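Colleague: Okay, handing you the structure first.
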Amino acid sequence: MILKTYLFIVFLAVLIILPEVFIPVNAYAQENEQSEELLVRSVRFDGNRNIRNGTLRTVVRTQKNREIFGIPGATLWLALNRISSALGEPPRFLDRDIVGRDIERLQTFYEYNGFFDARIDTTIEKIRSGRVRVIFSIDEGEPSFVRTVAFSGVPDLEDERQNERFYSRSVIARSAIDDTTFNVNRQYSVDLISEERNRIINILRRNGYASVQRDSIRVLVRPDPDEPKELDILFRIRPGDIYYFGDVRMDLRAPESIAENIEIAFSDTVSGEPLTIEPNKIFVNREEQTRTRPSTLYNRILFKPGERFNNDLYLSSVNQFQTLDMLVLRQFSLTEDGGLPDYSQKYLPVYFDLQTLPRHQIRSELFGLQRLGLGAGAGVSYRNNNLLQRGEQLEIGVNGSFEYVTGSSSAQRQVLRNIEGRVNYALPFLAFPFASLNNNPNFLNPRTSFQFSAARVNQINFNIDANFRFNIQFEASHNQSTRSFLDILELEWIDASATPEFINNITENISDTLQIQRILEDFRPQFNSTLRYTFRNSTTHIVRRDRGFYLESSIEVSGNLPYAIERFALDRDTLQSTIPSFSISGRDLAYSQFVKGSVDFRRYYSLNQNTVFAFRGFAGYAYPFGQSRVIPLNRRFFAGGANDIRGWDPFRLGPGGIDEREVPINGGDIKLAGFAELRYVFSRNFLSTNWIIAAFTDIGNIWYGPRSEFTEGQFKLDTFLDELAVGSGIGLRLDWDFVVFRIDLAYRMRDLGNEPGTNFLQRSNFHFGIGHSF
């Protein structure tokens with residue numbers, strides 16, 4: 001083991017010094033001596049106290065060749081380019097014209113951030129033959145501060161609360177001096193001024209001032225004669241006239257339509273309350289093959305023709321069409337030809353050019369998977385867009401997969417097979433009892449889904465012979481980043497059975513027959529109902545995940561419907577937590593009453609152009625109540641796997657410090673986990689993808705709850721820190737703009753179930769997957 005580690009270190013060292021070994025010191029000097037091309041070996045900033053080097057590097061265009069992990073001289077990609085111009089990256093030569101413009105860029109950047117007296121100079125040092133260091137010497141001077149801000153020309157807004165919020169929600173103003181003047185005491189920056197100007201523009205456009213532009217708001221900056229670094233700022237506002245929504249025209253084309261002008265087969269006109277204010281109207285023109293009710297279109301509009309113009313409602317209505325899965329939005333504008341609006345008219349017409357998608361779609365897919373072993377699968381689905389002419393979607397699909405699990409014995413080597421069928425019927429609006437929220441701007445892009453699925457699943461220790469689930473879900477967005485999901489009714493019937501090998505194993509290793517009985521109760525046929533609310537707030541890119549955050553929290557209550565059936569519909573003297581069976585096995589259906597909550601928070605920091613630091617925290621708790629003492633098997637928390645604590649296979653970690661070979665029942669009632677990952681882009685656009693190396697550490701575990709009958713593995717405040725498993729490792733990501741392929745090698749730094757002497761292979765795990773792990 002020591003020898004392998006030594007060889008790895010030697011290999012890494014050779015890799016780092018490879019450019020220096022294979023590129024002679026004077027290689028570029030000999031090649032470019034006559035043309036005086038000099039290789040930029042280093043770019044340095046001196047004298048910058050207030051602005052970081054990393055920020056300044058994004059301003060200048062003079063760059064050096066990339067170095068592995070930032071190690072000086074480790075320009076591997078430059079070395080590869082010397083071998084073949086198709087590899088690596090070309091040399092970054094010194095361009096004195098670009099350096100001169102970099103000085104201007106830095107000067108402007110400092111002025112934008114309040115350093116009006118900043119002075120920039122540059123020095124080019126020759127390190128050795130053919131290589132130079134570029135040094136930007138910066139005298140920042142003292143920054144200027146905004147002392148006060150004042151506003152003039154603010155119109156009276158339609159809503160009195162808007163007038164109050166105009167000042168109270170300013171990004172720059174603090175305490176009030178008078179009605180329109182405020183203390184600030186913040187460092188001047190152009191970004192701060194621009195943010196305030198954009199806020200004012202948005203407020204005015206929400207209140208009818210549709211013609212307001214950037215030039216409508218002038219910003220006057222006046223230095224104090226006695227204290228030149230103290231600035232007073234005045235926002236002078238010229239809002240223009242108030243405008244109203246005019247007629248709305250919607251043209252809906254058939255899928256195969258390519259003509260510039262629509263061939264109208266059906267024309268509908270809507271006027272009067274509650275949809276318009278007279279004399280304004282809504283016109284809906286449709287081609288013959290569109291098969292769409294006009295109400296499907298005009299019900300997506302959040303504003304009323306004839307009312308005061310509101311740009312937020314206009315753009316939200318646009319988004320309502322963009323998220324309607326049955327069509328595409330070809331164009332939207334406030335003029336028929338898509339040009340600038342005619343602000344000489346009081347009423348602004350609105351135009352939507354739409355086109356329906358093909359009604360029938362069939363998709364197939366092939367995929368690989370890796371959970372307990374390696375496997376593959378295939379699926380096929382049929383989708384009907386606009387089934388009943390109201391924008392509904394009907395999707396029917398089936399997929400199957402297999403996974404080969406290896407082991408030290410023939411009994412452990414097996415093939416796991418899964419098959420699932422599903423039917424999903426989705427409405428592009430909120431159905432009863434939430435229909436009144438459909439035109440509410442706080443509930444955008446609403447959707448109601450009815451889903452039924454049936455599955456049969458093989459696992460290592462048990463088989464799910466039948467799993468039927470029916471779900472009714474309502475969902476809607478509250479703004480661009482937040483969305484709510486309400487599963488108002490989820491019914492699930494699961495019929496599972498332990499494998500003969502698992503039964504033999506527990507009977508041979510457990511002498512307590514009562515404990516064996518409790519373990520096997522996990523595999524009784526079960527029926528449950530669930531009411532669940534999920535809140536999601538995300539500002540990160542769904543694929544790149546390089547900045548912003550992701551937050552998902554949920555709370556659910558389960559088992560109340562079967563409890564009501566047993567309590568009120570069955571004539572029983574005592575409750576047994578079962579209801580009459582309709583399962584294949586003929587046994588009664590057990591149910592569990594419990595509440596379950598979880599919080600999943602993820603944060604992404606872009607440290608520089610090539611480096612991202614990401615962390616994730618997860619906490620979950622499930623508590624059985626009533627006569628229930630156990631959470632159903634499929635509703636518990638599990639740990640381990642490619643998207644969890646990566647030192648362990650899926651479902652193999654915990655509960656607590658119990659060895660995975662001696663776990664009495666799978667899963668737990670409590671889960672705590674933390675994840676940290678550093679991602680570094682070491683090559684861009686190599687083989688048409690970005691290559692990312694990652695280092696990560698995962699920590700966490702699951703535990704039985706306080707009502708569990710198993711004492712070992714229960715969560716206890718005085719011991720849970722000692723039962724946190726830790727896995728660390730490195731990984732490789734291939735990042736295309738639309739998908740990320742991931743490979744991870746994880747090592748169990750703290751392995752709760754194995755002795756310290758366990759060899760490296762037994763304490764390491766290999767994972768691959770699609771997308772970042774979090």
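Going by the structure tokens order, chains are called A, B, ..., each with residues numbered from 1, while ligands are numbered from 1 in the order shown.
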Neighbouring residues of Ser316 (chain A) were defined as those with any atom within 9 Å, considering only C-alpha atoms; residues of the same chain fewer than 3 positions away were excluded. Please report them as a list in words.
Modeller: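 Contacts, with the query itself left out: Ile301, Leu302, Asn311, Asp312, Leu313, Asn319, Gln320, Phe321, Pro441, Leu444 and Asn445 of chain A.
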Colleague: Identify, with DSSP run on backbone atoms, the residues in region 97-251 of chain A assigned to helix (DSSP H, G or I), and express the list as a PyMOL selection string.
Modeller: chain A and resi 97-112+160-168+190-206+214-216
Colleague: So that I have them on file, write out the residues from the current selection with C-alpha atoms, as a CSV table (one decimal), in the first residue's frame.
Modeller:
```
chain,number,residue,atom,x,y,z
A,97,ASP,CA,-1.7,46.8,-27.3
A,98,ILE,CA,-3.9,44.6,-25.1
A,99,VAL,CA,-1.9,45.5,-22.0
A,100,GLY,CA,-2.5,49.2,-22.8
A,101,ARG,CA,-6.2,48.6,-23.1
A,102,ASP,CA,-6.1,46.5,-19.9
A,103,ILE,CA,-4.9,49.7,-18.1
A,104,GLU,CA,-7.9,51.5,-19.4
A,105,ARG,CA,-10.2,48.7,-18.4
A,106,LEU,CA,-8.8,48.7,-14.8
A,107,GLN,CA,-9.0,52.5,-14.6
A,108,THR,CA,-12.7,52.4,-15.7
A,109,PHE,CA,-13.4,49.5,-13.3
A,110,TYR,CA,-12.0,51.4,-10.3
A,111,GLU,CA,-14.0,54.5,-11.2
A,112,TYR,CA,-17.1,52.4,-11.5
A,160,GLU,CA,-51.1,53.9,-1.8
A,161,ARG,CA,-49.0,51.0,-0.5
A,162,GLN,CA,-46.9,51.3,-3.7
A,163,ASN,CA,-46.0,54.9,-2.8
A,164,GLU,CA,-44.8,53.8,0.6
A,165,ARG,CA,-42.8,50.9,-0.9
A,166,PHE,CA,-41.2,53.1,-3.5
A,167,TYR,CA,-39.0,54.5,-0.7
A,168,SER,CA,-39.0,51.8,1.9
A,190,VAL,CA,-22.1,52.2,-10.7
A,191,ASP,CA,-23.7,48.8,-10.1
A,192,LEU,CA,-25.5,50.2,-7.0
A,193,ILE,CA,-26.8,53.2,-9.0
A,194,SER,CA,-27.9,50.9,-11.9
A,195,GLU,CA,-29.7,48.5,-9.5
A,196,GLU,CA,-31.7,51.4,-8.0
A,197,ARG,CA,-32.5,52.8,-11.4
A,198,ASN,CA,-33.8,49.4,-12.6
A,199,ARG,CA,-35.9,49.1,-9.5
A,200,ILE,CA,-37.6,52.5,-10.2
A,201,ILE,CA,-38.2,51.5,-13.9
A,202,ASN,CA,-39.8,48.2,-12.8
A,203,ILE,CA,-42.1,50.0,-10.3
A,204,LEU,CA,-43.2,52.6,-12.9
A,205,ARG,CA,-43.9,49.9,-15.6
A,206,ARG,CA,-46.0,48.0,-13.1
A,214,ARG,CA,-33.4,54.1,-18.8
A,215,ASP,CA,-33.0,57.6,-20.1
A,216,SER,CA,-36.2,58.6,-18.3
```
Colleague: I'd like to know which of A:Arg41, A:Arg390, A:Arg249, A:Arg238 is closest to Ser129 (chain A), using only C-alpha atoms.
Modeller: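 Of A:Arg41, A:Arg390, A:Arg249, A:Arg238, the one nearest Ser129 (chain A) is A:Arg41, counting only C-alpha atoms.
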Colleague: Figure out the distance between CA of Asp117 (chain A) and CA of Gln187 (chain A), please, to one decimal in Å.
Modeller: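 CA of Asp117 (chain A) lies 14.3 Å from CA of Gln187 (chain A).
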Colleague: May I have the residues within 8 Å of Thr499 (chain A) as a JSON list (two decimals) with C-alpha atoms, in the first residue's frame, using only C-alpha atoms and disregarding those fewer than 6 positions away in the same chain?
Modeller:
```
[["chain", "number", "residue", "atom", "x", "y", "z"],
["A", 460, "ILE", "CA", -31.17, -7.87, -2.44],
["A", 461, "ASN", "CA", -33.08, -8.88, 0.69],
["A", 462, "PHE", "CA", -36.66, -8.59, -0.50],
["A", 463, "ASN", "CA", -38.93, -8.36, -3.51]]
```
Colleague: Name all residues at most 12 Å from Gly667 (chain A) (count only C-alpha atoms; drop same-chain ones fewer than 5 positions away) and give them as a CSV table (one decimal) with N, CA and C atoms, in the first residue's frame.
Modeller:
```csv
chain,number,residue,atom,x,y,z
A,519,ILE,N,-38.8,-8.0,12.4
A,519,ILE,CA,-38.1,-7.8,11.1
A,519,ILE,C,-39.0,-8.2,9.9
A,522,ASP,N,-41.8,-6.0,8.3
A,522,ASP,CA,-41.6,-5.0,7.2
A,522,ASP,C,-42.2,-5.5,5.9
A,622,ALA,N,-38.9,11.4,10.8
A,622,ALA,CA,-40.2,10.7,10.6
A,622,ALA,C,-40.7,10.1,12.0
A,630,VAL,N,-43.5,1.8,13.7
A,630,VAL,CA,-42.6,1.6,12.6
A,630,VAL,C,-43.0,2.4,11.4
A,631,ILE,N,-42.1,3.1,10.8
A,631,ILE,CA,-42.4,3.8,9.5
A,631,ILE,C,-42.3,2.7,8.4
A,632,PRO,N,-43.3,2.8,7.4
A,632,PRO,CA,-43.3,1.8,6.3
A,632,PRO,C,-41.9,1.8,5.6
A,633,LEU,N,-41.5,0.6,5.1
A,633,LEU,CA,-40.2,0.4,4.5
A,633,LEU,C,-39.9,1.5,3.4
A,634,ASN,N,-40.9,1.8,2.6
A,634,ASN,CA,-40.7,2.6,1.4
A,634,ASN,C,-40.8,4.1,1.8
A,635,ARG,N,-41.0,4.4,3.0
A,635,ARG,CA,-41.1,5.8,3.5
A,635,ARG,C,-40.0,6.2,4.4
A,636,ARG,N,-39.1,5.3,4.7
A,636,ARG,CA,-38.0,5.6,5.6
A,636,ARG,C,-36.9,6.4,4.9
A,637,PHE,N,-35.9,6.8,5.7
A,637,PHE,CA,-34.7,7.5,5.2
A,637,PHE,C,-33.6,6.4,5.0
A,638,PHE,N,-32.9,6.6,3.9
A,638,PHE,CA,-31.8,5.7,3.6
A,638,PHE,C,-30.5,6.5,3.4
A,639,ALA,N,-29.4,5.8,3.5
A,639,ALA,CA,-28.1,6.5,3.3
A,639,ALA,C,-27.2,5.7,2.4
A,640,GLY,N,-26.3,6.4,1.7
A,640,GLY,CA,-25.4,5.7,0.8
A,640,GLY,C,-25.8,5.8,-0.6
A,650,PRO,N,-25.8,2.1,-2.1
A,650,PRO,CA,-27.2,2.5,-1.7
A,650,PRO,C,-27.7,1.6,-0.6
A,651,PHE,N,-28.4,2.2,0.4
A,651,PHE,CA,-29.1,1.5,1.5
A,651,PHE,C,-28.1,0.7,2.5
A,652,ARG,N,-26.8,0.9,2.3
A,652,ARG,CA,-25.8,0.1,3.1
A,652,ARG,C,-25.3,0.8,4.3
A,653,LEU,N,-25.6,2.1,4.5
A,653,LEU,CA,-25.1,2.8,5.7
A,653,LEU,C,-26.2,2.9,6.8
A,654,GLY,N,-25.8,2.6,8.0
A,654,GLY,CA,-26.7,2.8,9.2
A,654,GLY,C,-27.6,1.6,9.3
A,655,PRO,N,-28.6,1.7,10.3
A,655,PRO,CA,-28.7,2.8,11.2
A,655,PRO,C,-27.6,2.9,12.3
A,656,GLY,N,-27.2,4.1,12.7
A,656,GLY,CA,-26.2,4.3,13.7
A,656,GLY,C,-25.0,3.6,13.4
A,658,ILE,N,-24.4,0.3,13.6
A,658,ILE,CA,-24.6,-1.1,13.3
A,658,ILE,C,-23.9,-1.5,12.0
A,660,GLU,N,-23.3,-3.1,8.6
A,660,GLU,CA,-24.3,-3.3,7.5
A,660,GLU,C,-24.7,-4.8,7.4
A,701,ASN,N,-25.5,10.0,8.6
A,701,ASN,CA,-26.0,8.7,8.9
A,701,ASN,C,-27.5,8.7,9.1
A,702,ILE,N,-28.1,7.6,9.3
A,702,ILE,CA,-29.5,7.4,9.7
A,702,ILE,C,-29.6,6.7,11.0
A,703,TRP,N,-30.7,6.9,11.7
A,703,TRP,CA,-30.9,6.3,13.0
A,703,TRP,C,-32.4,5.9,13.1
A,704,TYR,N,-32.6,4.9,14.0
A,704,TYR,CA,-34.0,4.6,14.4
A,704,TYR,C,-34.5,5.7,15.3
A,705,GLY,N,-35.8,5.9,15.3
A,705,GLY,CA,-36.4,7.0,16.2
A,705,GLY,C,-36.7,6.5,17.6
A,708,SER,N,-38.9,3.4,18.2
A,708,SER,CA,-38.5,2.1,17.6
A,708,SER,C,-38.3,1.1,18.8
A,713,GLY,N,-28.8,1.4,17.4
A,713,GLY,CA,-29.1,2.1,16.2
A,713,GLY,C,-30.0,3.3,16.4
A,714,GLN,N,-30.5,3.5,17.7
A,714,GLN,CA,-31.4,4.6,18.0
A,714,GLN,C,-30.6,5.9,18.0
```
Colleague: Find the residue from A:Leu94, A:Asn509, A:Leu520, A:Leu486 that sits nearest to Val134 (chain A); use only C-alpha atoms when measuring.
Modeller: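 The answer is A:Leu94, which sits nearest to Val134 (chain A).
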Colleague: Residues at most 10 Å from region 538-541 of chain A, counting only C-alpha atoms, excluding those fewer than 3 positions away in the same chain, as a PyMOL selection string?
Modeller: chain A and resi 480-483+544-552+601-604
Colleague: Hey, can you spit out that residue selection with C-alpha atoms as a compact mmCIF listing (two decimals), in the first residue's frame?
Modeller:
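Here's the written file out-v8.txt:
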```
# COMPACT_ATOMS: atom_id res chain seq x y z
CA GLN A 480 -39.33 32.88 -10.87
CA SER A 481 -37.56 30.88 -8.17
CA THR A 482 -40.24 29.43 -5.87
CA ARG A 483 -42.80 26.69 -6.48
CA ARG A 544 -24.28 23.66 -14.19
CA ARG A 545 -25.00 24.31 -10.49
CA ASP A 546 -22.16 26.81 -10.25
CA ARG A 547 -23.84 29.62 -8.27
CA GLY A 548 -26.99 30.37 -6.30
CA PHE A 549 -28.82 28.00 -3.99
CA TYR A 550 -31.46 25.27 -3.84
CA LEU A 551 -33.89 24.75 -0.96
CA GLU A 552 -36.56 22.08 -0.68
CA PHE A 601 -30.42 23.04 1.39
CA ARG A 602 -27.65 23.44 -1.20
CA ARG A 603 -25.39 26.42 -1.79
CA TYR A 604 -23.00 27.06 -4.67
```
Colleague: Can you tell me which residues surround Phe686 (chain A) at a distance of at most 9 Å, considering only C-alpha atoms, apart from same-chain residues fewer than 3 positions away, and format the answer as a PyMOL selection string?
Modeller: chain A and resi 87-88+683+689-691
Colleague: Selection from above, N, CA, C and O atoms, as a compact mmCIF listing (two decimals), in the first residue's frame, can you write it?
Modeller:
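Just written: selection.txt:
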```txt
# COMPACT_ATOMS: atom_id res chain seq x y z
N LEU A 87 -4.40 19.65 -29.42
CA LEU A 87 -4.53 19.33 -28.01
C LEU A 87 -4.23 20.56 -27.16
O LEU A 87 -3.59 21.52 -27.61
N GLY A 88 -4.69 20.50 -25.90
CA GLY A 88 -4.35 21.54 -24.94
C GLY A 88 -4.81 22.91 -25.34
O GLY A 88 -5.88 23.10 -25.95
N SER A 683 -9.81 21.85 -17.93
CA SER A 683 -9.71 21.94 -19.40
C SER A 683 -11.07 22.31 -19.96
O SER A 683 -12.08 21.69 -19.61
N THR A 689 -16.07 19.31 -24.65
CA THR A 689 -16.65 19.32 -23.32
C THR A 689 -15.68 19.98 -22.34
O THR A 689 -14.49 20.10 -22.61
N ASN A 690 -16.21 20.41 -21.21
CA ASN A 690 -15.38 20.92 -20.13
C ASN A 690 -15.05 19.79 -19.16
O ASN A 690 -15.95 19.06 -18.74
N TRP A 691 -13.78 19.67 -18.81
CA TRP A 691 -13.32 18.61 -17.92
C TRP A 691 -13.14 19.18 -16.53
O TRP A 691 -12.42 20.16 -16.33
```
Colleague: Excluding Glu392 (chain A) and any residue of its chain fewer than 4 positions from it, enumerate the residues within 7 Å of it, using only C-alpha atoms, and give them as a short mmCIF file (atom, residue, chain, number, x, y, z; two decimals) with all heavy atoms, in the first residue's frame.
Modeller:
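Saved file part.cif follows:
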```cif
data_model
loop_
_atom_site.label_atom_id
_atom_site.label_comp_id
_atom_site.auth_asym_id
_atom_site.auth_seq_id
_atom_site.Cartn_x
_atom_site.Cartn_y
_atom_site.Cartn_z
N ASN A 385 -50.84 15.32 -26.57
CA ASN A 385 -50.95 16.73 -26.20
C ASN A 385 -52.34 17.25 -26.52
O ASN A 385 -52.87 17.01 -27.60
CB ASN A 385 -49.91 17.56 -26.97
CG ASN A 385 -48.49 17.21 -26.58
OD1 ASN A 385 -48.13 17.28 -25.41
ND2 ASN A 385 -47.67 16.84 -27.56
N ASN A 386 -52.91 17.97 -25.57
CA ASN A 386 -54.21 18.61 -25.81
C ASN A 386 -55.31 17.57 -26.03
O ASN A 386 -56.05 17.62 -27.01
CB ASN A 386 -54.11 19.56 -27.00
CG ASN A 386 -55.21 20.61 -26.99
OD1 ASN A 386 -55.84 20.85 -25.96
ND2 ASN A 386 -55.43 21.23 -28.12
N LEU A 387 -55.42 16.64 -25.10
CA LEU A 387 -56.32 15.51 -25.26
C LEU A 387 -57.77 15.92 -25.48
O LEU A 387 -58.43 15.45 -26.40
CB LEU A 387 -56.21 14.60 -24.03
CG LEU A 387 -57.11 13.36 -24.01
CD1 LEU A 387 -56.69 12.39 -25.12
CD2 LEU A 387 -57.05 12.69 -22.65
N LEU A 388 -58.29 16.80 -24.61
CA LEU A 388 -59.68 17.22 -24.68
C LEU A 388 -59.81 18.70 -25.04
O LEU A 388 -60.77 19.37 -24.63
CB LEU A 388 -60.38 16.95 -23.34
CG LEU A 388 -60.40 15.48 -22.90
CD1 LEU A 388 -61.04 15.35 -21.53
CD2 LEU A 388 -61.14 14.62 -23.93
N ALA A 426 -52.48 15.27 -16.95
CA ALA A 426 -52.15 16.57 -16.38
C ALA A 426 -53.00 17.67 -17.01
O ALA A 426 -53.19 17.70 -18.24
CB ALA A 426 -50.67 16.89 -16.59
N LEU A 427 -53.51 18.55 -16.17
CA LEU A 427 -54.29 19.71 -16.60
C LEU A 427 -53.46 20.97 -16.41
O LEU A 427 -52.78 21.12 -15.39
CB LEU A 427 -55.57 19.82 -15.77
CG LEU A 427 -56.48 18.59 -15.70
CD1 LEU A 427 -57.58 18.80 -14.68
CD2 LEU A 427 -57.07 18.30 -17.07
N PRO A 428 -53.50 21.91 -17.35
CA PRO A 428 -52.69 23.13 -17.22
C PRO A 428 -53.38 24.20 -16.37
O PRO A 428 -53.28 25.39 -16.65
CB PRO A 428 -52.54 23.58 -18.68
CG PRO A 428 -53.81 23.15 -19.32
CD PRO A 428 -54.20 21.86 -18.65
#
```
Colleague: Take CA of Tyr382 (chain A) and CA of Glu287 (chain A) and report the distance between them in Å, one decimal.
Modeller: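 Taking CA of Tyr382 (chain A) as the start and CA of Glu287 (chain A) as the end point, the length is 25.0 Å.
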Colleague: Could you pull out the strand (DSSP E) residues of region 425-598 of chain A from DSSP and send them as a PyMOL selection string?
Modeller: chain A and resi 425-427+444-458+462-477+482-498+526-538+548-558+578-579+589-590+594-598
Colleague: Between A:Tyr314, A:Tyr605, A:Tyr591, A:Phe523, single out the one closest to Pro624 (chain A), counting only C-alpha atoms.
Modeller: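 Selected residue with least distance to Pro624 (chain A): A:Tyr591.
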Colleague: What does the distance between CA of Arg572 (chain A) and CA of Asn467 (chain A) come to in Å, to one decimal place?
Modeller: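 Those two atoms sit 27.7 Å apart.
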Colleague: Which residue is closest to Thr697 (chain A)? Choose from A:Asp744, A:Glu263, A:Glu556, A:Glu723 and count only C-alpha atoms.
Modeller: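 Of A:Asp744, A:Glu263, A:Glu556, A:Glu723, the one nearest Thr697 (chain A) is A:Asp744, counting only C-alpha atoms.
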